[in-house]
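> This is the content of my_file00.txt (compact mmCIF, C-alpha atoms):
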```txt
# COMPACT_ATOMS: atom_id res chain seq x y z
CA MET Q 19 18.27 -98.04 -18.53
CA LYS Q 20 18.11 -98.38 -14.72
CA LYS Q 21 20.51 -95.45 -14.45
CA LEU Q 22 18.21 -93.32 -16.64
CA LEU Q 23 15.15 -94.21 -14.54
CA ARG Q 24 17.06 -93.42 -11.36
CA THR Q 25 18.03 -90.03 -12.78
CA ILE Q 26 14.41 -89.25 -13.72
CA ARG Q 27 13.22 -90.20 -10.21
CA ASN Q 28 15.82 -87.95 -8.65
CA ILE Q 29 14.71 -85.05 -10.85
CA TYR Q 30 11.07 -85.70 -9.91
CA ARG Q 31 11.94 -85.79 -6.18
CA LYS Q 32 13.79 -82.48 -6.49
CA ILE Q 33 10.85 -80.86 -8.31
CA SER Q 34 8.40 -82.21 -5.69
CA HIS Q 35 10.64 -81.00 -2.88
CA PHE Q 36 10.93 -77.59 -4.52
CA ILE Q 37 7.12 -77.29 -4.95
CA ASP Q 38 6.52 -78.48 -1.40
CA LYS Q 39 9.10 -76.09 0.06
CA LYS Q 40 8.46 -73.02 -2.03
CA ILE Q 41 4.71 -73.29 -2.72
CA VAL Q 42 2.80 -75.74 -0.47
CA VAL Q 43 4.40 -74.86 2.87
CA PRO Q 44 4.14 -71.05 2.40
CA ILE Q 45 0.53 -71.34 1.29
CA THR Q 46 -0.33 -73.60 4.22
CA LYS Q 47 1.25 -71.14 6.66
CA LEU Q 48 -0.71 -68.31 5.08
CA VAL Q 49 -3.99 -70.22 5.35
CA VAL Q 50 -3.36 -71.16 9.00
CA TYR Q 51 -2.59 -67.55 9.83
CA VAL Q 52 -5.72 -66.29 8.09
CA THR Q 53 -8.06 -68.89 9.58
CA SER Q 54 -6.72 -68.31 13.05
CA LYS Q 55 -8.14 -64.84 12.83
CA PHE Q 56 -11.67 -66.11 12.24
CA ASP Q 57 -14.13 -68.07 14.49
CA ARG Q 58 -14.67 -71.85 14.58
CA SER Q 59 -16.51 -71.79 11.30
CA GLY Q 60 -13.14 -71.36 9.70
CA LYS Q 61 -11.99 -74.75 11.01
CA ASN Q 62 -14.07 -76.58 8.38
CA PHE Q 63 -12.30 -74.64 5.68
CA GLU Q 64 -8.98 -75.39 7.37
CA ASN Q 65 -9.77 -79.11 7.53
CA TRP Q 66 -10.67 -79.08 3.83
CA LEU Q 67 -7.59 -77.21 2.86
CA SER Q 68 -5.31 -79.42 4.96
CA LYS Q 69 -6.25 -82.47 2.93
CA THR Q 70 -3.43 -83.79 0.72
CA ASN Q 71 -5.52 -83.81 -2.48
CA THR Q 72 -6.65 -80.22 -1.95
CA LEU Q 73 -3.10 -78.92 -1.57
CA LEU Q 74 -1.99 -80.82 -4.66
CA TYR Q 75 -4.80 -79.28 -6.70
CA VAL Q 76 -3.98 -75.79 -5.47
CA SER Q 77 -0.28 -76.31 -6.23
CA LEU Q 78 -1.13 -77.60 -9.70
CA ILE Q 79 -3.32 -74.58 -10.47
CA LEU Q 80 -0.61 -72.17 -9.31
CA ALA Q 81 2.02 -74.00 -11.37
CA ILE Q 82 -0.18 -73.75 -14.47
CA LEU Q 83 -0.72 -69.99 -13.90
CA ILE Q 84 3.03 -69.43 -13.50
CA PHE Q 85 3.71 -71.40 -16.67
CA ILE Q 86 1.17 -69.34 -18.65
CA VAL Q 87 2.69 -66.06 -17.46
CA ILE Q 88 6.25 -67.12 -18.35
CA ASP Q 89 5.12 -68.55 -21.67
CA GLN Q 90 3.40 -65.30 -22.62
CA LYS Q 91 6.57 -63.35 -21.81
CA ILE Q 92 8.61 -65.66 -24.03
CA ILE Q 93 6.11 -65.32 -26.89
CA LEU Q 94 6.15 -61.56 -26.53
CA PHE Q 95 9.96 -61.54 -26.66
CA THR Q 96 10.17 -63.89 -29.64
CA ASP Q 97 7.50 -62.15 -31.80
CA ASN Q 98 8.84 -60.48 -34.97
CA SER Q 99 9.14 -56.70 -35.08
CA ALA Q 100 10.24 -54.10 -37.65
CA GLU Q 101 12.69 -51.20 -37.50
CA VAL Q 102 13.05 -48.51 -40.21
CA LEU Q 103 16.49 -46.98 -40.72
CA LYS Q 104 15.86 -43.58 -42.33
CA ASP Q 105 18.06 -41.76 -44.87
CA ARG Q 106 20.90 -44.25 -45.10
CA PRO Q 107 23.60 -43.17 -47.59
CA VAL Q 108 24.05 -44.97 -50.89
CA GLU Q 109 27.66 -45.74 -51.76
CA VAL Q 110 28.40 -46.15 -55.46
CA ILE Q 111 31.47 -47.81 -56.94
CA TYR Q 112 32.52 -46.55 -60.39
CA ASN Q 113 35.39 -44.89 -62.25
CA GLU Q 114 35.06 -41.30 -61.00
CA GLU Q 115 37.80 -40.03 -63.33
CA ALA Q 116 36.02 -41.20 -66.48
CA TYR Q 117 32.28 -41.05 -65.79
CA VAL Q 118 29.48 -38.96 -64.26
CA ILE Q 119 26.47 -40.67 -62.66
CA GLU Q 120 22.91 -39.26 -62.55
CA GLY Q 121 19.66 -40.73 -61.23
CA LEU Q 122 21.04 -42.58 -58.22
CA PRO Q 123 19.39 -41.55 -54.92
CA GLU Q 124 21.74 -40.21 -52.28
CA THR Q 125 19.87 -41.94 -49.43
CA VAL Q 126 17.37 -44.79 -48.96
CA ASP Q 127 15.19 -46.15 -46.14
CA ILE Q 128 15.99 -49.67 -44.89
CA THR Q 129 13.30 -51.74 -43.12
CA LEU Q 130 14.64 -54.54 -40.89
CA ILE Q 131 12.26 -57.38 -39.85
CA GLY Q 132 13.03 -59.99 -37.18
CA SER Q 133 12.94 -60.77 -33.50
CA LYS Q 134 13.64 -58.02 -31.05
CA THR Q 135 16.84 -59.73 -30.03
CA ASP Q 136 18.12 -59.97 -33.59
CA LEU Q 137 17.03 -56.40 -34.33
CA TYR Q 138 18.88 -55.12 -31.30
CA ILE Q 139 22.06 -56.89 -32.40
CA ALA Q 140 21.68 -55.70 -35.99
CA LYS Q 141 21.21 -52.06 -34.95
CA GLN Q 142 24.53 -52.10 -33.09
CA SER Q 143 26.33 -52.35 -36.42
CA SER Q 144 28.20 -49.17 -37.28
CA SER Q 145 27.39 -49.45 -40.98
CA HIS Q 146 23.95 -49.56 -42.57
CA ASN Q 147 24.87 -48.25 -46.01
CA VAL Q 148 23.66 -49.52 -49.35
CA THR Q 149 26.40 -50.15 -51.91
CA VAL Q 150 25.87 -50.16 -55.69
CA ASP Q 151 28.65 -51.44 -57.94
CA LEU Q 152 28.58 -49.75 -61.38
CA SER Q 153 32.19 -50.49 -62.28
CA GLY Q 154 31.22 -52.90 -65.05
CA LEU Q 155 28.76 -50.58 -66.82
CA LYS Q 156 29.40 -48.33 -69.83
CA PRO Q 157 27.87 -44.91 -70.69
CA GLY Q 158 24.12 -45.13 -71.16
CA THR Q 159 20.92 -45.76 -69.17
CA HIS Q 160 20.81 -48.70 -66.75
CA LYS Q 161 18.44 -50.13 -64.13
CA VAL Q 162 20.25 -51.20 -60.98
CA ASN Q 163 19.15 -52.85 -57.74
CA LEU Q 164 19.81 -51.15 -54.43
CA GLU Q 165 20.64 -53.88 -51.94
CA TYR Q 166 21.48 -53.91 -48.25
CA THR Q 167 24.58 -56.08 -47.95
CA GLN Q 168 25.06 -55.99 -44.17
CA ASN Q 169 25.28 -59.48 -42.63
CA ALA Q 170 22.41 -59.35 -40.11
CA GLY Q 171 21.84 -63.04 -39.36
CA LYS Q 172 18.14 -63.97 -39.39
CA ILE Q 173 17.05 -60.40 -40.09
CA GLU Q 174 14.98 -59.82 -43.24
CA HIS Q 175 15.24 -56.46 -44.91
CA MET Q 176 13.60 -54.22 -47.54
CA VAL Q 177 15.17 -51.20 -49.27
CA ASN Q 178 13.06 -48.24 -50.42
CA PRO Q 179 13.61 -47.48 -53.23
CA SER Q 180 14.99 -50.85 -54.22
CA VAL Q 181 15.52 -50.07 -57.94
CA ALA Q 182 16.97 -46.95 -59.62
CA THR Q 183 17.40 -45.88 -63.23
CA VAL Q 184 20.88 -44.39 -63.58
CA VAL Q 185 22.44 -42.58 -66.51
CA ILE Q 186 26.20 -42.84 -67.01
CA TYR Q 187 27.87 -40.00 -68.92
CA GLN Q 188 31.40 -39.63 -70.20
CA LYS Q 189 33.22 -37.02 -68.10
CA VAL Q 190 34.69 -34.01 -69.98
CA SER Q 191 36.60 -30.96 -68.77
CA GLU Q 192 36.90 -27.25 -69.61
CA THR Q 193 39.01 -24.31 -68.44
CA ARG Q 194 37.12 -21.33 -67.01
CA THR Q 195 38.03 -17.89 -65.62
CA LEU Q 196 37.64 -17.48 -61.87
CA SER Q 197 35.94 -14.46 -60.29
CA VAL Q 198 35.36 -13.46 -56.68
CA ASP Q 199 32.13 -13.15 -54.70
CA ILE Q 200 32.53 -11.35 -51.34
CA LEU Q 201 30.09 -12.56 -48.66
CA ASN Q 202 29.00 -10.76 -45.47
CA GLN Q 203 30.71 -7.53 -46.50
CA ASP Q 204 28.36 -5.62 -44.17
CA SER Q 205 30.07 -7.26 -41.20
CA LEU Q 206 33.26 -5.35 -42.02
CA ASP Q 207 33.99 -2.15 -40.08
CA PRO Q 208 32.27 0.59 -42.14
CA ARG Q 209 35.51 2.60 -42.19
CA TYR Q 210 37.18 -0.18 -44.19
CA VAL Q 211 36.72 -1.51 -47.70
CA ILE Q 212 37.93 -4.60 -49.52
CA ASP Q 213 40.46 -3.01 -51.83
CA GLN Q 214 41.26 -6.19 -53.78
CA VAL Q 215 41.41 -9.97 -53.55
CA ASP Q 216 44.53 -11.68 -54.91
CA TYR Q 217 44.96 -15.36 -55.79
CA ASP Q 218 47.58 -17.44 -57.56
CA THR Q 219 45.64 -18.16 -60.76
CA ASP Q 220 42.36 -17.14 -62.33
CA LYS Q 221 42.17 -20.23 -64.55
CA ILE Q 222 40.48 -23.30 -63.10
CA VAL Q 223 39.18 -26.58 -64.56
CA ILE Q 224 35.60 -27.82 -64.29
CA LYS Q 225 34.70 -31.46 -64.98
CA GLY Q 226 31.37 -33.16 -65.55
CA ALA Q 227 28.93 -34.31 -68.19
CA GLU Q 228 28.87 -32.15 -71.32
CA HIS Q 229 25.34 -30.89 -70.65
CA GLN Q 230 26.38 -29.88 -67.11
CA LEU Q 231 29.33 -27.82 -68.31
CA LYS Q 232 27.07 -25.96 -70.75
CA GLN Q 233 24.99 -24.72 -67.78
CA VAL Q 234 27.98 -23.12 -66.05
CA VAL Q 235 28.23 -19.37 -66.73
CA SER Q 236 30.58 -18.43 -63.87
CA VAL Q 237 32.89 -19.95 -61.31
CA LYS Q 238 33.42 -17.92 -58.15
CA ALA Q 239 35.65 -18.00 -55.08
CA LEU Q 240 33.37 -17.37 -52.09
CA VAL Q 241 35.32 -15.01 -49.82
CA ASP Q 242 33.45 -14.81 -46.51
CA ILE Q 243 34.48 -11.75 -44.50
CA LYS Q 244 33.37 -13.49 -41.28
CA ASN Q 245 36.17 -16.04 -41.77
CA LEU Q 246 38.93 -13.42 -41.75
CA VAL Q 247 41.26 -13.68 -38.78
CA SER Q 248 42.04 -9.95 -38.97
CA THR Q 249 39.84 -7.18 -40.35
CA GLU Q 250 42.34 -4.36 -39.89
CA VAL Q 251 44.00 -2.36 -42.67
CA GLY Q 252 46.50 -4.55 -44.51
CA THR Q 253 46.66 -7.95 -46.23
CA THR Q 254 45.10 -11.06 -44.68
CA THR Q 255 45.39 -14.58 -46.11
CA LEU Q 256 42.19 -16.59 -46.11
CA LYS Q 257 42.75 -20.35 -46.28
CA ASP Q 258 40.67 -22.94 -48.16
CA VAL Q 259 38.20 -20.60 -49.85
CA PRO Q 260 35.54 -22.79 -51.55
CA LEU Q 261 34.89 -22.50 -55.30
CA LYS Q 262 31.37 -22.81 -56.72
CA ALA Q 263 29.96 -23.02 -60.24
CA TYR Q 264 26.73 -21.13 -61.08
CA ASP Q 265 24.22 -21.11 -63.94
CA SER Q 266 22.58 -18.04 -65.49
CA GLU Q 267 19.96 -17.88 -62.69
CA GLY Q 268 22.48 -18.03 -59.86
CA ASN Q 269 21.87 -21.68 -58.99
CA VAL Q 270 24.81 -23.92 -58.05
CA VAL Q 271 25.75 -26.42 -60.78
CA ASP Q 272 26.98 -29.77 -59.46
CA VAL Q 273 30.27 -30.15 -61.31
CA GLU Q 274 33.77 -31.08 -60.17
CA ILE Q 275 36.06 -28.05 -59.77
CA VAL Q 276 39.85 -28.36 -59.81
CA PRO Q 277 41.08 -27.07 -57.45
CA GLU Q 278 38.06 -27.36 -55.16
CA LYS Q 279 39.49 -24.78 -52.73
CA MET Q 280 42.24 -22.17 -52.81
CA ASP Q 281 44.02 -19.60 -50.63
CA VAL Q 282 43.39 -15.90 -51.31
CA ASP Q 283 44.92 -12.66 -50.03
CA VAL Q 284 42.36 -10.06 -48.97
CA VAL Q 285 43.65 -6.48 -49.07
CA ILE Q 286 41.77 -4.13 -46.70
CA SER Q 287 42.14 -0.36 -46.98
CA SER Q 288 40.46 2.68 -45.43
CA PRO Q 289 40.00 5.44 -48.04
CA SER Q 290 38.93 8.70 -46.44
CA LYS Q 291 38.53 12.38 -47.21
CA GLU Q 292 37.75 15.48 -45.18
CA VAL Q 293 35.01 17.65 -46.72
CA PRO Q 294 33.09 20.72 -45.49
CA ILE Q 295 29.45 20.72 -44.47
CA LYS Q 296 27.35 22.98 -46.69
CA VAL Q 297 24.09 24.19 -45.12
CA ILE Q 298 21.38 24.98 -47.68
CA PRO Q 299 18.34 26.95 -46.43
CA VAL Q 300 15.13 25.93 -48.22
CA GLY Q 301 12.25 28.41 -48.43
CA GLU Q 302 12.04 32.09 -47.50
CA VAL Q 303 12.17 33.52 -44.01
CA SER Q 304 9.51 35.97 -42.81
CA PHE Q 305 9.12 39.30 -44.64
CA GLY Q 306 11.73 41.85 -43.65
CA GLN Q 307 14.06 39.17 -42.27
CA ALA Q 308 17.22 37.58 -43.66
CA ILE Q 309 19.74 35.01 -42.48
CA SER Q 310 22.66 36.71 -40.84
CA ALA Q 311 24.63 33.59 -39.89
CA LEU Q 312 24.56 29.80 -40.17
CA ASN Q 313 26.65 28.42 -37.32
CA THR Q 314 27.35 24.68 -37.21
CA SER Q 315 28.71 22.52 -34.37
CA VAL Q 316 31.11 20.94 -36.90
CA THR Q 317 32.28 22.53 -40.12
CA LYS Q 318 34.03 19.52 -41.65
CA VAL Q 319 33.50 15.77 -41.58
CA THR Q 320 35.70 12.84 -42.60
CA VAL Q 321 34.00 10.46 -45.02
CA TYR Q 322 35.00 6.80 -45.49
CA GLY Q 323 34.08 4.74 -48.52
CA ASP Q 324 34.95 3.70 -52.03
CA ALA Q 325 37.99 5.61 -53.32
CA LYS Q 326 36.38 6.43 -56.68
CA ALA Q 327 33.22 7.71 -54.99
CA LEU Q 328 35.23 9.94 -52.67
CA GLU Q 329 36.88 11.66 -55.65
CA THR Q 330 33.55 13.22 -56.64
CA ILE Q 331 32.57 14.36 -53.13
CA ASN Q 332 33.66 17.92 -52.35
CA SER Q 333 31.09 18.79 -49.69
CA ILE Q 334 28.08 17.34 -47.89
CA PRO Q 335 24.93 19.42 -48.39
CA ILE Q 336 22.37 19.58 -45.57
CA GLU Q 337 19.02 21.21 -46.27
CA ILE Q 338 17.07 22.99 -43.53
CA ASP Q 339 13.54 24.37 -43.88
CA VAL Q 340 13.47 28.10 -43.02
CA SER Q 341 10.05 28.86 -44.50
CA ASP Q 342 8.41 31.76 -42.59
CA LEU Q 343 11.12 31.67 -39.94
CA ASN Q 344 10.84 34.87 -37.83
CA SER Q 345 13.36 34.28 -35.03
CA ASN Q 346 16.64 32.53 -34.38
CA LYS Q 347 16.38 28.75 -34.37
CA GLU Q 348 18.53 25.71 -33.61
CA TYR Q 349 18.33 22.60 -35.84
CA LYS Q 350 19.67 19.16 -34.89
CA MET Q 351 20.23 17.25 -38.13
CA GLU Q 352 21.53 13.85 -39.17
CA ILE Q 353 24.31 14.18 -41.73
CA PRO Q 354 23.29 12.29 -44.90
CA LYS Q 355 25.74 9.79 -46.39
CA PRO Q 356 26.49 10.45 -50.07
CA ILE Q 357 26.43 7.51 -52.47
CA GLY Q 358 29.55 5.39 -52.03
CA VAL Q 359 30.18 6.56 -48.45
CA ARG Q 360 30.08 3.82 -45.77
CA SER Q 361 30.87 5.83 -42.65
CA LEU Q 362 31.27 9.39 -41.32
CA SER Q 363 33.49 10.66 -38.53
CA THR Q 364 30.36 12.19 -37.01
CA ASN Q 365 26.72 11.49 -37.82
CA TYR Q 366 24.94 14.54 -36.41
CA VAL Q 367 25.35 18.32 -36.56
CA THR Q 368 23.72 21.23 -34.74
CA ILE Q 369 22.89 24.27 -36.90
CA ASN Q 370 22.06 27.67 -35.41
CA VAL Q 371 20.23 30.08 -37.72
CA VAL Q 372 20.60 33.77 -36.79
CA LEU Q 373 18.21 36.34 -38.35
CA ASP Q 374 18.55 40.08 -38.90
CA THR Q 375 16.92 42.86 -40.92
CA VAL Q 376 16.90 42.25 -44.65
CA ASP Q 377 18.69 44.53 -47.11
CA SER Q 378 19.02 44.53 -50.90
CA ARG Q 379 21.73 45.17 -53.48
CA ASP Q 380 22.16 44.79 -57.28
CA ILE Q 381 25.25 43.53 -59.06
CA ALA Q 382 25.34 44.20 -62.81
CA ASN Q 383 27.16 42.62 -65.76
CA ILE Q 384 26.94 39.01 -64.63
CA THR Q 385 27.81 36.79 -67.61
CA VAL Q 386 25.28 34.08 -68.53
CA ASP Q 387 26.87 30.76 -69.46
CA PRO Q 388 25.12 28.22 -71.72
CA ARG Q 389 25.02 24.62 -70.40
CA ASN Q 390 24.16 21.25 -71.96
CA VAL Q 391 24.39 22.45 -75.57
CA ALA Q 392 23.40 19.72 -78.08
CA GLU Q 393 26.19 18.37 -80.25
CA GLY Q 394 26.58 20.22 -83.55
CA LEU Q 395 24.92 23.43 -82.31
CA SER Q 396 26.37 26.79 -81.21
CA PRO Q 397 24.50 29.23 -78.88
CA GLN Q 398 24.46 33.00 -79.34
CA ALA Q 399 22.67 35.61 -77.26
CA GLY Q 400 19.84 37.40 -79.02
CA ASN Q 401 21.59 40.74 -78.41
CA SER Q 402 24.78 41.89 -76.75
CA GLN Q 403 22.99 42.90 -73.58
CA ALA Q 404 21.35 39.48 -73.14
CA ALA Q 405 24.75 37.90 -72.52
CA ASN Q 406 25.04 39.90 -69.31
CA ILE Q 407 22.37 40.31 -66.63
CA THR Q 408 21.83 42.12 -63.36
CA VAL Q 409 21.39 40.03 -60.20
CA ASN Q 410 19.54 41.24 -57.13
CA LEU Q 411 20.88 40.16 -53.75
CA LYS Q 412 18.73 39.99 -50.60
CA GLY Q 413 20.21 39.40 -47.18
CA VAL Q 414 21.76 41.00 -44.17
CA LYS Q 415 23.72 44.11 -45.19
CA SER Q 416 27.05 42.90 -43.87
CA VAL Q 417 26.66 39.65 -45.81
CA ILE Q 418 25.58 41.04 -49.21
CA ASP Q 419 28.20 43.80 -49.09
CA ALA Q 420 30.86 41.09 -49.07
CA ILE Q 421 29.52 39.47 -52.28
CA ARG Q 422 31.47 40.10 -55.51
CA ALA Q 423 30.48 39.47 -59.14
CA SER Q 424 32.89 36.53 -59.25
CA ASP Q 425 30.91 34.90 -56.42
CA ILE Q 426 27.80 34.67 -58.63
CA ILE Q 427 27.09 32.09 -61.34
CA ALA Q 428 24.35 32.65 -63.94
CA TYR Q 429 23.48 30.06 -66.62
CA VAL Q 430 20.83 28.75 -69.00
CA ASP Q 431 20.10 25.04 -69.43
CA LEU Q 432 19.80 24.13 -73.17
CA SER Q 433 19.37 20.34 -72.77
CA GLU Q 434 15.79 20.50 -74.10
CA TYR Q 435 16.77 22.27 -77.33
CA THR Q 436 18.22 19.99 -79.99
CA GLU Q 437 17.32 21.86 -83.23
CA PRO Q 438 18.59 25.18 -84.64
CA GLY Q 439 16.36 28.17 -83.87
CA GLU Q 440 15.67 31.07 -81.53
CA TYR Q 441 14.46 30.24 -78.02
CA GLU Q 442 13.51 32.14 -74.89
CA VAL Q 443 15.26 30.36 -72.00
CA GLU Q 444 14.95 30.76 -68.23
CA VAL Q 445 17.98 32.12 -66.36
CA HIS Q 446 19.29 30.34 -63.25
CA VAL Q 447 21.45 32.08 -60.64
CA GLU Q 448 23.59 30.58 -57.88
CA GLY Q 449 25.98 32.04 -55.32
CA ILE Q 450 28.63 30.84 -52.96
CA ASP Q 451 26.89 32.13 -49.81
CA PRO Q 452 23.69 30.23 -48.91
CA LYS Q 453 22.56 33.04 -46.58
CA VAL Q 454 21.86 35.25 -49.59
CA GLN Q 455 18.86 35.10 -51.93
CA TYR Q 456 19.96 35.52 -55.59
CA THR Q 457 17.42 36.69 -58.21
CA SER Q 458 18.02 37.55 -61.86
CA LYS Q 459 16.28 40.75 -62.95
CA SER Q 460 15.93 39.18 -66.39
CA ARG Q 461 13.92 35.99 -65.85
CA LYS Q 462 14.43 34.84 -69.45
CA ILE Q 463 16.79 35.72 -72.30
CA LYS Q 464 16.72 34.92 -76.01
CA ILE Q 465 19.22 32.36 -77.27
CA THR Q 466 19.81 31.51 -80.94
CA LEU Q 467 21.10 28.02 -81.79
CA THR Q 468 22.87 27.59 -85.10
CA LYS Q 469 24.60 24.64 -86.70
CA ASN Q 470 28.38 24.55 -86.46
```
Taking this structure as input, can you express it in the form of structure tokens?

Amino acid sequence: MKKLLRTIRNIYRKISHFIDKKIVVPITKLVVYVTSKFDRSGKNFENWLSKTNTLLYVSLILAILIFIVIDQKIILFTDNSAEVLKDRPVEVIYNEEAYVIEGLPETVDITLIGSKTDLYIAKQSSSHNVTVDLSGLKPGTHKVNLEYTQNAGKIEHMVNPSVATVVIYQKVSETRTLSVDILNQDSLDPRYVIDQVDYDTDKIVIKGAEHQLKQVVSVKALVDIKNLVSTEVGTTTLKDVPLKAYDSEGNVVDVEIVPEKMDVDVVISSPSKEVPIKVIPVGEVSFGQAISALNTSVTKVTVYGDAKALETINSIPIEIDVSDLNSNKEYKMEIPKPIGVRSLSTNYVTINVVLDTVDSRDIANITVDPRNVAEGLSPQAGNSQAANITVNLKGVKSVIDAIRASDIIAYVDLSEYTEPGEYEVEVHVEGIDPKVQYTSKSRKIKITLTKN
């Protein structure tokens, strides 16, 4: 007991010595310094302050103030706070080979409540996931609790949402035919085309709930041109092309696809064809004038595009307006791209129109051909002369003198006539030289349609 009392006295002496050394003496020195700066009236204050009781009271007040400040800091540090962990993933445990789960949220919000110290320690954890164990449940509808299982000491927690209604379905599988969807094809050099895409098999397996598989109308390999290592002519292998399942509206259906990815060979080719430029004057030049020459900066152009489209392209027509033209003129035109053409070897052409004095000439006995005859009908000219017409040519003399009967095409369009009978039909005339104006002297002829 005496030893305990001695220890307490020693502690008290040390505290008193500490207060005297660190508080009383500095304050006394401060007071002496301040009062020395004032007149004698300050000596009364100094005498009062130098009293033992006064210094004890001042020291006590300062000690109380220091205690309050420290105590408030401790309270502030120990008060409970809350932290919200947003969008934390939900991990589910179940037999993925046998079942499909619906209704379980992919993420939840976790609210942690506790002291700032405990919250700080808890937040350092690398895992804040919510785990749901469904391994003991059978197909059907179930309510399950979403719980935060992280060991966080004194931390309280709340999960939002904390309860979910899940539906467990039996997993089924079907075999589907794979097709290809080419993405970002516009990023390919316009001279090139994707000729074909080859892959090992076009039969893949989709797995999921029965109602999910019924939604799937197509499964596609998404070949992204931007992922190609080489976009030159030849075959390039594209690794790990993703497969996606789609419904009738083009939305992705969340089903399992086996395989999930596959390698494909992309064959790039560059179909091309050289075709002439055909200048077509539109309108009539001034009276007494005719087109003597149509000179172009380029006469042929190479077209690049789909091989099938190129088969039908034999020339590229360019129309120029020559209405009331009375002198030579230069036209700078953009060459139009026919349907199916992606690129041209040149995109612009300069056309020089040269005028001269107009002349005229007739060519007789031009045969009129019937076109677009309805099935089951046969056309006959109303008389023997109607089958042949005379065509008037207008143009520069040197140009029209070079025209032969074989250079002129005359025809009647019978697409509007589907019943037997006699009809008066307009005659159309075309020629190989666009510098010449072709006119039939018989605007219409009589055609009789009879059944076969």
> Kindly extract all protein, DNA and RNA residues lying within 12 Å of the coordinates (28.4, -50.6, -67.6) given in the file, considering only C-alpha atoms, and supply them as a list in words.
Ile111, Tyr112, Asn113, Tyr117, Ile119, Asp151, Leu152, Ser153, Gly154, Leu155, Lys156, Pro157, Gly158, Thr159, His160, Lys161, Val162, Val184, Val185, Ile186, Tyr187 and Gln188 of chain Q
> Pick from Q:Asp207, Q:Asp425, Q:Asp419, Q:Asp218: nearest to Tyr322 (chain Q), with only C-alpha atoms counted?
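Result for the nearest residue to Tyr322 (chain Q): Q:Asp207.
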> Out of Q:Ile295, Q:Asp324, Q:Lys189, Q:Ser310, which residue has the shortest atom-to-atom distance to Glu352 (chain Q) when counting only C-alpha atoms?
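Using only C-alpha atoms, the shortest distance to Glu352 (chain Q) belongs to Q:Ile295.
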> Closest to Glu302 (chain Q) among Q:Ile224, Q:Leu240, Q:Ala327, Q:Leu373, using only C-alpha atoms?
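Under the stated criterion, the closest residue is Q:Leu373.
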> Check the smallest atom-to-atom distance from each of Q:Thr466, Q:Ser341, Q:Val241, Q:Ile426 to Val447 (chain Q) using only C-alpha atoms, then report the winner.
Q:Ile426
> Excluding Val276 (chain Q) and any residue of its chain fewer than 3 positions from it, enumerate the residues within 8 Å of it, using all atoms listed in the file, and give them as a ChimeraX atom specification.
/Q:222-225,279
> So how many Å separate CA of Glu292 (chain Q) and CA of Lys355 (chain Q), to one decimal?
13.3 Å
> Report the distance between CA of Asn178 (chain Q) and CA of Ala100 (chain Q) in Å, rounded to one decimal place.
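One can read the CA of Asn178 (chain Q) to CA of Ala100 (chain Q) distance as 14.3 Å.
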> Could you please determine the separation between CA of Ser205 (chain Q) and CA of Pro354 (chain Q) in Å, to one decimal place?
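A separation of 21.0 Å between them.
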> Can you find the residues with an atom no farther than 8 Å from (36.3, 4.5, -40.4), counting all atoms listed in the file, and report them as a PyMOL selection string?
chain Q and resi 207-210+288+290+321-322+361-363
> Under the rule that all atoms listed in the file are counted, which of Q:Glu437, Q:Asp380, Q:Asp265, Q:Glu101 is the nearest residue to Gly413 (chain Q)?
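Result for the nearest residue to Gly413 (chain Q): Q:Asp380.
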> So, counting all atoms listed in the file, which residue among Q:Val110, Q:Leu328, Q:Ile139, Q:Val359 is closest to Glu124 (chain Q)?
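Of all the options, Q:Val110 lies closest to Glu124 (chain Q).
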> Find the residues around Thr255 (chain Q) up to 10 Å (all atoms listed in the file counted), leave out those fewer than 3 positions away in its own chain, and share them as a CSV table (one decimal) with C-alpha atoms, in the frame of the given file.

```
chain,number,residue,atom,x,y,z
Q,215,VAL,CA,41.4,-10.0,-53.6
Q,216,ASP,CA,44.5,-11.7,-54.9
Q,217,TYR,CA,45.0,-15.4,-55.8
Q,246,LEU,CA,38.9,-13.4,-41.8
Q,247,VAL,CA,41.3,-13.7,-38.8
Q,248,SER,CA,42.0,-10.0,-39.0
Q,258,ASP,CA,40.7,-22.9,-48.2
Q,281,ASP,CA,44.0,-19.6,-50.6
Q,282,VAL,CA,43.4,-15.9,-51.3
Q,283,ASP,CA,44.9,-12.7,-50.0
Q,284,VAL,CA,42.4,-10.1,-49.0
Q,285,VAL,CA,43.6,-6.5,-49.1
```
> Could region 160-164 of chain Q be completed with N, CA and C atoms and written as a short mmCIF file (atom, residue, chain, number, x, y, z; two decimals), in the frame of the given file, please?

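out11.cif was written with the following content:
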```
data_model
loop_
_atom_site.label_atom_id
_atom_site.label_comp_id
_atom_site.auth_asym_id
_atom_site.auth_seq_id
_atom_site.Cartn_x
_atom_site.Cartn_y
_atom_site.Cartn_z
N HIS Q 160 20.82 -47.37 -67.34
CA HIS Q 160 20.81 -48.70 -66.75
C HIS Q 160 19.86 -48.72 -65.56
N LYS Q 161 19.23 -49.90 -65.34
CA LYS Q 161 18.44 -50.13 -64.13
C LYS Q 161 19.29 -50.96 -63.18
N VAL Q 162 19.42 -50.50 -61.95
CA VAL Q 162 20.25 -51.20 -60.98
C VAL Q 162 19.45 -51.43 -59.71
N ASN Q 163 19.79 -52.52 -59.01
CA ASN Q 163 19.15 -52.85 -57.74
C ASN Q 163 19.93 -52.24 -56.59
N LEU Q 164 19.20 -51.70 -55.64
CA LEU Q 164 19.81 -51.15 -54.43
C LEU Q 164 19.63 -52.18 -53.32
#
```
